[in-house]
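Enquirer: Sending over a structure as structure tokens; questions will come in a sec.
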Amino acid sequence: MLGRGFYQRPTVDVARDLLGKIVVRRNGEGDVAVRLTEVEAYVGVDDPACHTSGGRRTERVRSMWGEAGHAYVYLIYGLHHCLNVVTVGEGVGEAVLIRAGVVVSGWDLVRCRRGARVADRSLTDGPGKLCQALAVTRGDDGIDLCDPVGGLWICDDGFAVEESRCERHARVGVEHAGEAATWPLRFLYDPDS
């Protein structure tokens, strides 16, 4: 399990280093593990695409202002949950959105949650799909990712994404953020390449 120090670093560094790590969900149904293949950095009050832009403090973003290494989970379009990891430190308001991954274990449970007809590659290839596969909801907002008691954590099994396989692109769905929409803060790699 990644320790607090991993998250208490600049958000862009945490985002890049999350590629290849494994997010684990343990609950009464069983365990699911997903290797992360796509993440996005949101860098706080000066980032117009960030939920804490301009110092915004609402109940929805309370967790994002908290201690690094905690989950920030929000609902988008009233339909899909999105999992973020809070970075840097308390009072900073930065996080990394977990966008996609590939299932490592818990296939049967993921298929049950996502549907038997969904193609393997599409099981967890978006933030809402990933949260559905992991059974992450707003009820998980604020969970300490550095404590297995919460049933959600990220670990390092030694797999490293080589720099030549890491791509940087503009973030998705933040066109409203003006120039910030073009910032290359989305990190991804294709595990099949």
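Convention: chains lettered A, B, ... in structure tokens order; per-chain residue numbering from 1; ligands numbered from 1 as shown.
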Taking the DSSP assignment computed from this structure's backbone, write out as JSON, numbers by chain all residues of chain A that belong to strand (DSSP E).
Expert: {"A": [22, 23, 24, 25, 26, 27, 30, 31, 32, 33, 34, 35, 36, 37, 38, 39, 40, 41, 42, 71, 72, 73, 74, 75, 76, 80, 81, 82, 83, 84, 85, 86, 95, 96, 97, 98, 99, 100, 101, 102, 103, 104, 105, 152, 153, 154, 155, 167, 168, 169, 186, 187, 188]}
Enquirer: Would you pick out the contacts of A:Cys112 at 12 Å or less, using only C-alpha atoms, so that residues sharing its chain but fewer than 4 positions from it are not included, and give the list as an MDAnalysis selection string?
Expert: chainID A and resid 29:30 32 106:108 116:118 123 132:135
Enquirer: So, counting only C-alpha atoms, which residue among A:Glu38, A:Asp156, A:Asp125, A:Asp47 is closest to A:Lys21?
Expert: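 Distance minimum relative to A:Lys21 lands on A:Asp156.
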Enquirer: Between A:Gly55, A:Gly66, A:Gly158, A:Pro48, which has the minimum distance to A:Thr87 (counting only C-alpha atoms)?
Expert: A:Gly66
Enquirer: May I have the residues within 7 Å of A:Leu185 as a list in words, using only C-alpha atoms and disregarding those fewer than 4 positions away in the same chain?
Expert: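 The neighbour list is Glu40, Ala41, Arg168, His169, Ala170 and Arg171 of chain A.
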Enquirer: Using only C-alpha atoms, find the one residue out of A:Lys129, A:Arg25, A:Arg16, A:Arg9 that sits nearest to A:Ile143.
Expert: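 Residue with the minimum atom-to-atom distance to A:Ile143: A:Arg25.
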Enquirer: Contacts of A:Val161 at 10 Å or less, counting only C-alpha atoms, minus same-chain residues fewer than 6 places along, as a PyMOL selection string?
Expert: chain A and resi 16-21+37+188-191
Enquirer: Separation of atom CA of A:Arg57 and atom CA of A:Gly178, in Å?
Expert: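 Taking atom CA of A:Arg57 and atom CA of A:Gly178, their separation equals 21.3 Å.
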Enquirer: Using only C-alpha atoms, I'd like a table of the residues in stretch 4-110 of chain A that come within 10 Å of stretch 144-153 of chain A; for each, show the closest atom pair and its distance in Å rounded to one decimal, ordered by chain and ascending number, as a tab-separated table.
Expert:
```
residue	atom	partner	partner_atom	distance
A:Arg4	CA	A:Cys146	CA	6.2
A:Gly5	CA	A:Cys146	CA	9.8
A:Phe6	CA	A:Cys146	CA	9.9
A:Tyr7	CA	A:Cys146	CA	9.6
A:Ile22	CA	A:Trp153	CA	8.4
A:Val23	CA	A:Trp153	CA	5.8
A:Val24	CA	A:Trp153	CA	5.4
A:Arg25	CA	A:Leu152	CA	4.7
A:Arg26	CA	A:Gly151	CA	4.7
A:Asn27	CA	A:Gly151	CA	6.1
A:Gly28	CA	A:Gly151	CA	9.6
A:Asp31	CA	A:Gly151	CA	9.1
A:Val32	CA	A:Leu152	CA	9.8
A:Ala33	CA	A:Trp153	CA	9.7
A:Glu67	CA	A:Asp144	CA	8.9
A:Ala68	CA	A:Asp144	CA	8.8
A:Gly69	CA	A:Leu145	CA	5.5
A:His70	CA	A:Asp144	CA	4.4
A:Ala71	CA	A:Asp144	CA	6.5
A:Tyr72	CA	A:Asp144	CA	9.8
A:Val85	CA	A:Leu145	CA	8.1
A:Val86	CA	A:Leu145	CA	9.5
```
Enquirer: With only C-alpha atoms as the atoms that count, which of A:Val39, A:His51, A:Val73, A:Val45 lies nearest to A:Thr137?
Expert: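 The shortest atom-to-atom distance to A:Thr137 comes from A:Val73.
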Enquirer: DSSP on the backbone: what in chain A comes out helix (DSSP H, G or I), as an NGL selection string?
Expert: :A and (4-7 or 11-18 or 44-46 or 53-55 or 62-65 or 107-114 or 120-122 or 127-134 or 138-140 or 148-150 or 163-165 or 175-182)
Enquirer: At a cut-off of 7 Å, using only C-alpha atoms, what residues contact A:Trp65? Leave out same-chain residues fewer than 2 positions from it and give the result as a ChimeraX atom specification.
Expert: /A:61-63,90-93
Enquirer: Take the selection from the previous step and output its residues with N, CA and C atoms, as an mmCIF file, in the first residue's frame.
Expert:
```cif
data_model
loop_
_atom_site.group_PDB
_atom_site.id
_atom_site.type_symbol
_atom_site.label_atom_id
_atom_site.label_comp_id
_atom_site.auth_asym_id
_atom_site.auth_seq_id
_atom_site.Cartn_x
_atom_site.Cartn_y
_atom_site.Cartn_z
ATOM 1 N N VAL A 61 -16.621 19.586 -2.302
ATOM 2 C CA VAL A 61 -15.165 19.504 -2.450
ATOM 3 C C VAL A 61 -14.413 19.495 -1.123
ATOM 4 N N ARG A 62 -15.123 19.331 -0.033
ATOM 5 C CA ARG A 62 -14.486 19.351 1.301
ATOM 6 C C ARG A 62 -13.291 18.413 1.380
ATOM 7 N N SER A 63 -13.445 17.184 0.881
ATOM 8 C CA SER A 63 -12.362 16.199 0.958
ATOM 9 C C SER A 63 -11.140 16.615 0.158
ATOM 10 N N GLU A 90 -2.944 19.209 3.285
ATOM 11 C CA GLU A 90 -4.178 19.834 3.751
ATOM 12 C C GLU A 90 -4.192 21.321 3.421
ATOM 13 N N GLY A 91 -5.347 21.775 2.920
ATOM 14 C CA GLY A 91 -5.525 23.178 2.595
ATOM 15 C C GLY A 91 -5.058 23.586 1.211
ATOM 16 N N VAL A 92 -4.581 22.628 0.396
ATOM 17 C CA VAL A 92 -4.054 22.959 -0.934
ATOM 18 C C VAL A 92 -5.124 22.806 -2.017
ATOM 19 N N GLY A 93 -5.977 21.801 -1.928
ATOM 20 C CA GLY A 93 -7.080 21.637 -2.877
ATOM 21 C C GLY A 93 -6.673 21.082 -4.230
#
```
Enquirer: Record the distance separating atom CA of A:Tyr42 and atom CA of A:Glu59, expressed in Å with one decimal.
Expert: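 Value for the atom CA of A:Tyr42-atom CA of A:Glu59 distance: 18.2 Å.
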Enquirer: Contacts of A:Cys131 at 8 Å or less, counting only C-alpha atoms, minus same-chain residues fewer than 6 places along, as a PyMOL selection string?
Expert: chain A and resi 80-83+137
Enquirer: Please determine, counting only C-alpha atoms, which residue among A:Arg186, A:Val104, A:Thr58, A:Ala181 has the shortest atom-to-atom distance to A:Glu167.
Expert: A:Arg186
Enquirer: Could you state the separation of atom CA of A:Arg111 and atom CA of A:Phe187 in Å, given to one decimal place?
Expert: 26.1 Å
